[in-house]
Number of protein chains: 2
Amino acid sequence: MPKLYWEDFSVGQVADYGPRLVTAEEIKAFAAEFDPQPMHLDEEAARSTMIGELCASGWYTCSIMMRILVDGFLRDSSSMGGLGVEEAKWLAPVRPGDLLTVRATVLETRTLNSRPDRGFIRVSFDVLNNAGTKVMSLTTLLMFGRREPAR
Amino acid sequence: MPKLYWEDFSVGQVADYGPRLVTAEEIKAFAAEFDPQPMHLDEEAARSTMIGELCASGWYTCSIMMRILVDGFLRDSSSMGGLGVEEAKWLAPVRPGDLLTVRATVLETRTLNSRPDRGFIRVSFDVLNNAGTKVMSLTTLLMFGRREPAR
């Protein structure tokens, strides 16, 4: 049984999830499969790029964030998925050795008269490294089943 | 030497990249690592979810799109990376057997007086399956080196 339903979210709620360690091996493995550019593939090749050292693909950061969120609360919830991303910003490089956490802030809760079994939450996720630097921010609309369908 | 510089993009340009075949094995492998939810992990477990069958994580679709774009034009360009995503929408399920292509449309080109060595392009990417269904759309701002720095 899910632990969290739509009713369990309220505007202003803040929760922290993680941490998850980023390794050079994972950065390179993800890049080899999905984003084979020099700054993500190899320390030596990364030296002549803008950042100047090995850093993670932005899509790796998104994917790691998702894993932190699934482990943190989505797996034990009535989540019905996301409809998309309203905005995502890659703010600072993610590097080997970074310990990432995700801070979730509920911005809005919504229902739809035509869909009494579910509700929506707009939430912002800030991904932070262990130095406290925000490396990514993302806002999204998530759909959750309701504990008590509206009548 | 890069083939494509900022000067090579112009508003209204359209280009198609791919295709790339999506397999059940890849959907599950990505999910096991980054998005372990029933609809992405296992055909049997997916039957009781909203979509009713195995479908890819939205982040897998983003990652595959990135690979198509790197192979299609970014690897041989002066790309300096993306700053983020303005908006992404997951519009339809991505399923095993789908052959994905990406249609890129240049929306805007921009320079910055303070950065004469580079320019920006705002571009929308539509990810389509082989039935012609748009499965994802995404708008982003990409940064490219200029062939001729502004003076």
# chains A, B, ... in the order shown; residues from 1 in each chain; ligands from 1

$ select_by_dssp --residues "chain A" --states "alpha helix (DSSP H)" --output "PyMOL selection string"
chain A and resi 24-34+38-41+43-46+58-69

$ residues_around --residues "region 68-72 of chain B" --least-positions-apart "3" --cutoff "8 Å" --atoms "only C-alpha atoms" --output "PDB file with N, CA and C atoms, in the first residue's frame"
ATOM      1  N   ASP A  35      25.740  10.510 -23.668  1.00  0.00           N
ATOM      2  CA  ASP A  35      26.209  11.875 -23.907  1.00  0.00           C
ATOM      3  C   ASP A  35      27.723  11.884 -24.108  1.00  0.00           C
ATOM      4  N   PRO A  36      28.170  11.215 -25.218  1.00  0.00           N
ATOM      5  CA  PRO A  36      29.614  11.034 -25.411  1.00  0.00           C
ATOM      6  C   PRO A  36      30.323  12.293 -25.882  1.00  0.00           C
ATOM      7  N   GLN A  37      30.479  13.253 -24.984  1.00  0.00           N
ATOM      8  CA  GLN A  37      31.236  14.475 -25.267  1.00  0.00           C
ATOM      9  C   GLN A  37      32.449  14.504 -24.333  1.00  0.00           C
TER      10      GLN A  37
ATOM     11  N   TYR B  17      17.220  14.008 -36.918  1.00  0.00           N
ATOM     12  CA  TYR B  17      18.316  13.138 -36.504  1.00  0.00           C
ATOM     13  C   TYR B  17      17.771  11.801 -36.021  1.00  0.00           C
ATOM     14  N   GLY B  18      18.604  10.786 -36.066  1.00  0.00           N
ATOM     15  CA  GLY B  18      18.235   9.444 -35.656  1.00  0.00           C
ATOM     16  C   GLY B  18      18.123   8.580 -36.891  1.00  0.00           C
ATOM     17  N   PRO B  19      17.424   7.462 -36.848  1.00  0.00           N
ATOM     18  CA  PRO B  19      16.618   6.942 -35.749  1.00  0.00           C
ATOM     19  C   PRO B  19      17.447   6.115 -34.755  1.00  0.00           C
ATOM     20  N   ARG B  20      16.779   5.829 -33.648  1.00  0.00           N
ATOM     21  CA  ARG B  20      17.353   4.961 -32.632  1.00  0.00           C
ATOM     22  C   ARG B  20      16.251   4.031 -32.142  1.00  0.00           C
ATOM     23  N   ILE B  64      18.200   9.338 -24.381  1.00  0.00           N
ATOM     24  CA  ILE B  64      18.281   8.830 -25.750  1.00  0.00           C
ATOM     25  C   ILE B  64      18.274   9.994 -26.751  1.00  0.00           C
ATOM     26  N   MET B  65      17.423  10.988 -26.465  1.00  0.00           N
ATOM     27  CA  MET B  65      17.398  12.176 -27.319  1.00  0.00           C
ATOM     28  C   MET B  65      18.787  12.801 -27.368  1.00  0.00           C
ATOM     29  N   ARG B  75      28.586  16.438 -31.648  1.00  0.00           N
ATOM     30  CA  ARG B  75      29.972  15.978 -31.502  1.00  0.00           C
ATOM     31  C   ARG B  75      30.907  16.731 -32.445  1.00  0.00           C
ATOM     32  N   THR B 101      13.113   9.367 -33.620  1.00  0.00           N
ATOM     33  CA  THR B 101      13.886  10.389 -34.322  1.00  0.00           C
ATOM     34  C   THR B 101      13.690  11.715 -33.595  1.00  0.00           C
ATOM     35  N   VAL B 102      14.594  12.648 -33.830  1.00  0.00           N
ATOM     36  CA  VAL B 102      14.499  13.971 -33.209  1.00  0.00           C
ATOM     37  C   VAL B 102      14.466  15.026 -34.304  1.00  0.00           C
TER      38      VAL B 102
END

$ interface_residues --of "chain A" --to "chain B" --cutoff "7 Å" --atoms "only C-alpha atoms" --output "list in words"
Phe34, Asp35, Pro36, Gln37, Met50, Trp59, Ser63, Ile64, Met66, Arg67, Val70, Arg75, Met80, Leu83, Gly84, Val85, Glu86, Glu87, Ala88, Lys89 and Trp90 of chain A

$ select_by_dssp --residues "chain A" --states "strand (DSSP E)" --output "PyMOL selection string"
chain A and resi 14-21+79-90+99-111+118-128+134-145

$ write_last_selection --atoms "C-alpha atoms" --output "mmCIF file, in the first residue's frame"
data_model
loop_
_atom_site.group_PDB
_atom_site.id
_atom_site.type_symbol
_atom_site.label_atom_id
_atom_site.label_comp_id
_atom_site.auth_asym_id
_atom_site.auth_seq_id
_atom_site.Cartn_x
_atom_site.Cartn_y
_atom_site.Cartn_z
ATOM 1 C CA VAL A 14 10.046 21.027 2.306
ATOM 2 C CA ALA A 15 11.809 17.668 2.414
ATOM 3 C CA ASP A 16 15.386 16.538 1.828
ATOM 4 C CA TYR A 17 16.377 13.285 0.126
ATOM 5 C CA GLY A 18 19.649 11.486 -0.507
ATOM 6 C CA PRO A 19 22.624 11.658 -0.345
ATOM 7 C CA ARG A 20 24.080 9.873 -3.330
ATOM 8 C CA LEU A 21 27.779 9.771 -4.167
ATOM 9 C CA SER A 79 2.563 8.584 -7.930
ATOM 10 C CA MET A 80 1.130 8.388 -11.423
ATOM 11 C CA GLY A 81 4.127 10.056 -13.029
ATOM 12 C CA GLY A 82 5.143 13.472 -14.233
ATOM 13 C CA LEU A 83 3.792 15.333 -17.216
ATOM 14 C CA GLY A 84 7.017 17.112 -17.957
ATOM 15 C CA VAL A 85 9.469 19.673 -16.693
ATOM 16 C CA GLU A 86 8.502 23.330 -16.496
ATOM 17 C CA GLU A 87 12.072 24.501 -16.176
ATOM 18 C CA ALA A 88 15.431 22.937 -15.398
ATOM 19 C CA LYS A 89 18.684 24.824 -14.884
ATOM 20 C CA TRP A 90 22.133 23.324 -14.756
ATOM 21 C CA LEU A 99 27.583 13.900 -2.574
ATOM 22 C CA LEU A 100 24.222 15.003 -3.951
ATOM 23 C CA THR A 101 21.031 15.663 -2.041
ATOM 24 C CA VAL A 102 17.654 16.846 -3.314
ATOM 25 C CA ARG A 103 15.504 19.438 -1.564
ATOM 26 C CA ALA A 104 11.855 19.258 -2.587
ATOM 27 C CA THR A 105 9.538 22.235 -2.046
ATOM 28 C CA VAL A 106 5.812 21.968 -2.792
ATOM 29 C CA LEU A 107 4.741 25.088 -4.726
ATOM 30 C CA GLU A 108 1.110 24.317 -5.483
ATOM 31 C CA THR A 109 -1.511 21.613 -5.129
ATOM 32 C CA ARG A 110 -4.310 21.240 -7.642
ATOM 33 C CA THR A 111 -7.274 19.074 -8.517
ATOM 34 C CA ARG A 118 -6.138 12.125 -8.690
ATOM 35 C CA GLY A 119 -4.467 15.422 -7.943
ATOM 36 C CA PHE A 120 -1.433 17.377 -9.026
ATOM 37 C CA ILE A 121 1.441 18.968 -7.154
ATOM 38 C CA ARG A 122 3.840 21.527 -8.583
ATOM 39 C CA VAL A 123 7.153 21.013 -6.914
ATOM 40 C CA SER A 124 10.631 22.447 -7.225
ATOM 41 C CA PHE A 125 13.646 20.216 -6.745
ATOM 42 C CA ASP A 126 17.004 21.725 -5.870
ATOM 43 C CA VAL A 127 19.976 19.417 -6.251
ATOM 44 C CA LEU A 128 22.798 20.396 -3.890
ATOM 45 C CA LYS A 134 23.020 24.288 -5.937
ATOM 46 C CA VAL A 135 24.030 22.318 -9.025
ATOM 47 C CA MET A 136 20.576 21.996 -10.582
ATOM 48 C CA SER A 137 17.073 23.312 -10.043
ATOM 49 C CA LEU A 138 13.976 21.894 -11.675
ATOM 50 C CA THR A 139 10.252 22.575 -11.461
ATOM 51 C CA THR A 140 7.732 19.947 -12.437
ATOM 52 C CA LEU A 141 4.072 18.941 -12.192
ATOM 53 C CA LEU A 142 3.520 15.511 -10.626
ATOM 54 C CA MET A 143 0.306 13.487 -10.555
ATOM 55 C CA PHE A 144 -0.730 11.423 -7.510
ATOM 56 C CA GLY A 145 -3.707 9.233 -6.708
#

$ residues_around --residues "region 114-117 of chain B" --least-positions-apart "4" --cutoff "6 Å" --atoms "only C-alpha atoms" --output "JSON, numbers by chain"
{"B": [145, 146, 149, 150]}

$ atom_distance --atom1 "CA of Val11 (chain A)" --atom2 "CA of Asn113 (chain A)"
19.8 Å

$ atom_distance --atom1 "CA of Thr23 (chain A)" --atom2 "CA of Ser48 (chain A)"
20.9 Å

$ closest_residue --among "B:Glu53, B:Asp42, B:Glu148, B:Glu26" --to "Trp6 (chain B)" --atoms "only C-alpha atoms"
B:Glu148

$ atom_distance --atom1 "CA of Arg95 (chain A)" --atom2 "CA of Glu25 (chain B)"
28.8 Å

$ closest_residue --among "A:Val22, A:Leu112, A:Val94, A:Ala29" --to "Leu54 (chain A)" --atoms "only C-alpha atoms"
A:Val94
